[in-house]
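Undergrad: Handing you this structure, nothing more for now.
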Amino acid sequence: MRTRLYGWAAFPSLLLVWSAAAWNLPPYVLPQPWAVAAEAVRWLDSGQLAAHVGASLLREAGGFAVAVLGALALGLAGALSPGFRAFSAPLTGLFMAIPPIAWAPLSMIFFGLGYVAITMVIVVAALFPMAVTVQEGFLAIRNGNLRAARVLGARRWQLIRHVYLPASLPFLTAALRIGFSQAWRALVAAEMLGASQGIGWMVAMGGQIGNATQVLLGVAIIGMTAWITEGLVFRRIERRYRHWHLA
Amino acid sequence: MDCEIPTSLSDNRLGDFSNDRPGGAAFRVDGVDFTYDGALPMFRSLTLSARPGEFVALLGPSGCGKTTLLNLLSGFLPPDSGRITIDGETVTPEMPALGHVFQSPQLFPWLDVLDNVRFGLRMAGRLPDAEQRDKAMAVLSLVGLEAAAGKFPHQLSGGMQQRVALARALVLEPRLLLMDEPFAALDAITRATLNEELLRLCGRLGQTVLFITHDVEEAVFLADRVVLLGIAPAGIHSELAIDLPRPRHLRETRRLERFTTLTDTLLERISAIVAAA
Ligand SMILES: Nc1ncnc2c1ncn2[C@@H]1O[C@H](COP(=O)(O)OP(=O)(O)OP(=O)(O)O)[C@@H](O)[C@H]1O
Ligand SMILES: [Mg+2]
């Protein structure tokens, strides 16, 4: 119970420290939390906030969806074929070592400024970590369960439907969570470089015109979106499978 | 293995689950060589067979290849040479004649106990769902677990999991049942009860059983014949026919002088195997 309380205290503490720091600084450097809240209301009223968040989510959805399909294909191929696995491992390692935002300029030269250029950066960011998670997950499906199913008469398609599929649910959701957050990080960075709307643009523009309130509002929205999807959606699904490895 | 069928409670339950007598299958391991990749030879021209309905217990020191032999017999591992047949047919894991209880339970963690037991029936798809459930329940009660039908594997003790694994194999009425130390994780009382249940069941269904155990008394109590496996690649060290009368009962059978003589003989031979290593 005590430990719980510390958890509840975390966000109020952050706000207190922020507010205390803001007392001692001019508002154009660090505005008070309520100033940011008032800014949020202004943006909401004008409909601008919805437009920017909507634009970002649209890019996230497109890039994430493409990355999911790609990761399933790559991960499955890697799990089924040792040759493909050996071939793709160094490449995957290389791509994961490069920060995805480093591709943004190239992507913009290729596709011009706009939806596709930014979405491609997201795809690159999310694809490889998801592919690795999917591949390792399939490889870890226990040989023992497969043998048990075969000797109980399961044929190839039944194995896929009744063993591979249910056994893969835990790591598939883990892969989605990892991919979504990687995509989100890359999206915001890419929008800061080359977009005319979106949350990343909102932050970058706020910085250029010296509007710290707008920057902080953008940062807060970025953080909360990631936190809500990760904590409330993906982790909750994952929790359901936690006991599976014990059996 | 013919034994008269006592009319006990559990035997009545057994009646719900099977009325016909599927009988046993003969298996034959014929001149089999086997080596794991990059390891020393495990078996060299190993030969072992059982007639239909025979109960064979396999004893041997840890690591001598008992589980390996069972995996060869299930068709999970292909022999390097030689042939393994069940009723004359080269074995594959999917053969309906085959039942396999693994050394660890290998239950499906995403299914509850009843659905674990029902798995094979679902794959076969010959019975309507309700009948599959009834049958699975009948076998569950046979291993004393009807109360656990709705639980998930992680909610069961190791011994309960192993009994579910046994039920999952039995529900398909395999004519050859391969069992890899199925009762090793159980306490002595449950184990003894299940030993008796197993014998009653085999008397009823008449299946052939190959049963791995480390426990000499368990082997003698259950088997028609005990096969001793030596340290690889020695292969089969020796065999011993168990000429104890059937039906066998826990206390009565173990009190027989012949029972003690047989266990002593086996213990001496095992000591010899281990000492020679
Ligand atoms: N997949 C494998 N690859 C390589 N070697 C293996 C493999 N499985 C088992 N072995 C080796 O083969 C030998 C026999 O193993 P096996 O599991 O058949 O022994 P066992 O008689 O069942 O032992 P236990 O009584 O401890 O269960 C052991 O030395 C083991 O290390
Ligand atoms: Mg073993």
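Here, A, B, ... name the chains of the structure tokens in the order displayed, residue numbers run from 1 inside each chain, and ligands are numbered from 1 in the same displayed order.
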Show me, as a VMD selection string, the residues of chain A whose atoms get within 12 Å of chain B, using only C-alpha atoms for the distance check.

TA: chain A and resid 141 to 159 161 to 170 240 to 247

Undergrad: Name each residue within 6 Å of ligand 1, counting only C-alpha atoms and all ligand atoms, as a ChimeraX atom specification.

TA: /B:36,62-68

Undergrad: Could you give me, as a PyMOL selection string, the residues within 10 Å of A:Leu172, counting only C-alpha atoms and dropping anything in the same chain fewer than 5 positions from it?

TA: chain A and resi 68+72+130+133-135+137-138+165+167+177-178+238

Undergrad: Save out the residues we just selected, N, CA, C and O atoms, as a PDB file, in the first residue's frame.

TA:
ATOM      1  N   VAL A  68       4.187  -3.164 -39.163  1.00  0.00           N
ATOM      2  CA  VAL A  68       3.676  -4.406 -38.585  1.00  0.00           C
ATOM      3  C   VAL A  68       3.659  -5.509 -39.636  1.00  0.00           C
ATOM      4  O   VAL A  68       4.135  -6.628 -39.396  1.00  0.00           O
ATOM      5  N   LEU A  72       6.009  -8.853 -39.493  1.00  0.00           N
ATOM      6  CA  LEU A  72       5.460 -10.211 -39.479  1.00  0.00           C
ATOM      7  C   LEU A  72       6.117 -11.051 -40.559  1.00  0.00           C
ATOM      8  O   LEU A  72       6.511 -12.197 -40.332  1.00  0.00           O
ATOM      9  N   MET A 130      10.637  -4.665 -34.225  1.00  0.00           N
ATOM     10  CA  MET A 130       9.478  -5.566 -34.205  1.00  0.00           C
ATOM     11  C   MET A 130       9.816  -6.899 -34.862  1.00  0.00           C
ATOM     12  O   MET A 130       9.433  -7.961 -34.370  1.00  0.00           O
ATOM     13  N   THR A 133      11.729  -9.067 -32.484  1.00  0.00           N
ATOM     14  CA  THR A 133      10.873  -9.608 -31.426  1.00  0.00           C
ATOM     15  C   THR A 133       9.998 -10.747 -31.951  1.00  0.00           C
ATOM     16  O   THR A 133       9.837 -11.779 -31.292  1.00  0.00           O
ATOM     17  N   VAL A 134       9.437 -10.553 -33.131  1.00  0.00           N
ATOM     18  CA  VAL A 134       8.569 -11.583 -33.709  1.00  0.00           C
ATOM     19  C   VAL A 134       9.372 -12.852 -33.997  1.00  0.00           C
ATOM     20  O   VAL A 134       8.964 -13.962 -33.656  1.00  0.00           O
ATOM     21  N   GLN A 135      10.543 -12.678 -34.582  1.00  0.00           N
ATOM     22  CA  GLN A 135      11.364 -13.844 -34.925  1.00  0.00           C
ATOM     23  C   GLN A 135      11.761 -14.615 -33.673  1.00  0.00           C
ATOM     24  O   GLN A 135      11.601 -15.840 -33.615  1.00  0.00           O
ATOM     25  N   GLY A 137      10.362 -14.647 -30.830  1.00  0.00           N
ATOM     26  CA  GLY A 137       9.175 -15.235 -30.229  1.00  0.00           C
ATOM     27  C   GLY A 137       8.802 -16.552 -30.888  1.00  0.00           C
ATOM     28  O   GLY A 137       8.578 -17.554 -30.212  1.00  0.00           O
ATOM     29  N   PHE A 138       8.762 -16.545 -32.218  1.00  0.00           N
ATOM     30  CA  PHE A 138       8.418 -17.781 -32.916  1.00  0.00           C
ATOM     31  C   PHE A 138       9.433 -18.869 -32.611  1.00  0.00           C
ATOM     32  O   PHE A 138       9.083 -20.035 -32.417  1.00  0.00           O
ATOM     33  N   LEU A 165      -0.336 -20.022 -33.268  1.00  0.00           N
ATOM     34  CA  LEU A 165      -1.077 -18.770 -33.098  1.00  0.00           C
ATOM     35  C   LEU A 165      -1.278 -18.400 -31.628  1.00  0.00           C
ATOM     36  O   LEU A 165      -0.865 -17.317 -31.205  1.00  0.00           O
ATOM     37  N   ALA A 167       0.271 -19.497 -29.031  1.00  0.00           N
ATOM     38  CA  ALA A 167       1.554 -19.367 -28.337  1.00  0.00           C
ATOM     39  C   ALA A 167       2.263 -18.074 -28.700  1.00  0.00           C
ATOM     40  O   ALA A 167       3.134 -17.616 -27.973  1.00  0.00           O
ATOM     41  N   ARG A 177       3.851  -3.194 -28.939  1.00  0.00           N
ATOM     42  CA  ARG A 177       4.169  -2.128 -27.995  1.00  0.00           C
ATOM     43  C   ARG A 177       5.513  -1.483 -28.337  1.00  0.00           C
ATOM     44  O   ARG A 177       5.622  -0.252 -28.425  1.00  0.00           O
ATOM     45  N   ILE A 178       6.510  -2.324 -28.557  1.00  0.00           N
ATOM     46  CA  ILE A 178       7.842  -1.804 -28.883  1.00  0.00           C
ATOM     47  C   ILE A 178       7.787  -0.991 -30.179  1.00  0.00           C
ATOM     48  O   ILE A 178       8.304   0.129 -30.261  1.00  0.00           O
ATOM     49  N   GLU A 238      -0.741  -7.392 -22.512  1.00  0.00           N
ATOM     50  CA  GLU A 238       0.370  -8.291 -22.198  1.00  0.00           C
ATOM     51  C   GLU A 238       0.192  -8.975 -20.853  1.00  0.00           C
ATOM     52  O   GLU A 238       0.569 -10.123 -20.673  1.00  0.00           O
TER      53      GLU A 238
END

Undergrad: What gap, in Å, lies between atom CA of B:Gly23 and atom CA of B:Leu210?

TA: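 Calculated distance between atom CA of B:Gly23 and atom CA of B:Leu210 is 14.7 Å.
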
Undergrad: List the neighbours of B:Leu58 out to 6 Å using only C-alpha atoms; skip same-chain residues closer than 2 positions along the sequence, and give me the result as a PyMOL selection string.

TA: chain B and resi 211-212+226-227

Undergrad: For the strand (DSSP E) assignment from backbone DSSP, which residues of stretch 17-212 of chain B qualify? Please present them as a PyMOL selection string.

TA: chain B and resi 27-35+41-50+55-59+81-86+89-90+98-101+176-180+208-212

Undergrad: Ranking B:His214, B:Arg204, B:Arg44, B:Arg133 by minimum distance to ligand 2 and counting only C-alpha atoms and all ligand atoms, which one comes first?

TA: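 Ranked by minimum distance to ligand 2, first place goes to B:His214.
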
Undergrad: So that I can see what lies close to B:Val117, please list as a list in words the residues with an atom at most 7 Å from it, counting only C-alpha atoms and leaving out residues fewer than 2 positions away in the same chain.

TA: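 With the cut-off at 7 Å, the set is Val113, Leu114, Asp115, Phe119, Ala136, Val164, Ala167 and Arg168 of chain B.
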
Undergrad: Limited to C-alpha atoms, could you put the picked residues into a file as an mmCIF file, in the first residue's frame?

TA:
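Result written to out_28.cif:
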data_model
loop_
_atom_site.group_PDB
_atom_site.id
_atom_site.type_symbol
_atom_site.label_atom_id
_atom_site.label_comp_id
_atom_site.auth_asym_id
_atom_site.auth_seq_id
_atom_site.Cartn_x
_atom_site.Cartn_y
_atom_site.Cartn_z
ATOM 1 C CA VAL B 113 -7.493 -28.413 -18.101
ATOM 2 C CA LEU B 114 -10.587 -29.722 -19.849
ATOM 3 C CA ASP B 115 -9.529 -28.268 -23.190
ATOM 4 C CA PHE B 119 -7.148 -31.356 -27.553
ATOM 5 C CA ALA B 136 -12.586 -35.666 -21.408
ATOM 6 C CA VAL B 164 -3.567 -33.985 -16.828
ATOM 7 C CA ALA B 167 -5.418 -37.951 -19.188
ATOM 8 C CA ARG B 168 -4.713 -36.028 -22.386
#

Undergrad: Just the residues within 8 Å of B:Gly53, please, counting only C-alpha atoms, with nothing from its chain fewer than 2 positions along; format it as a PyMOL selection string.

TA: chain B and resi 1+23-26+51+55+202+206-209

Undergrad: Could you pull out the helix (DSSP H, G or I) residues of stretch 126-234 of chain B from DSSP and send them as a ChimeraX atom specification?

TA: /B:129-142,146-148,153-155,158-170,188-205,216-222

Undergrad: Which residue, B:Asp180, B:Glu131, B:Ala241, B:Pro233, has the smallest gap to ligand 2 when you use only C-alpha atoms and all ligand atoms?

TA: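 When distances to ligand 2 are compared using only C-alpha atoms and all ligand atoms, the smallest one comes from B:Asp180.
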
Undergrad: My list of candidates is B:Glu197, B:Asp87, B:Leu145, B:Phe221. Which is closest to B:Glu252 when distances are computed with only C-alpha atoms?

TA: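 Between B:Glu197, B:Asp87, B:Leu145, B:Phe221, the residue approaching B:Glu252 most closely is B:Phe221.
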
Undergrad: Excluding A:Ala77 and its own-chain neighbours fewer than 6 positions away, which residues fall within 10 Å of it when counting only C-alpha atoms? Please give them as a ChimeraX atom specification.

TA: /A:71,83-85,88,131,135

Undergrad: Could you state the separation of atom CA of A:Gln32 and atom CA of A:His52 in Å, given to one decimal place?

TA: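 Calculated distance between atom CA of A:Gln32 and atom CA of A:His52 is 23.0 Å.
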
Undergrad: For ligand 2, which residue among B:Gln162, B:Ala50, B:Met179, B:Arg258 is the nearest when counting only C-alpha atoms and all ligand atoms?

TA: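 Of B:Gln162, B:Ala50, B:Met179, B:Arg258, the one nearest ligand 2, counting only C-alpha atoms and all ligand atoms, is B:Met179.
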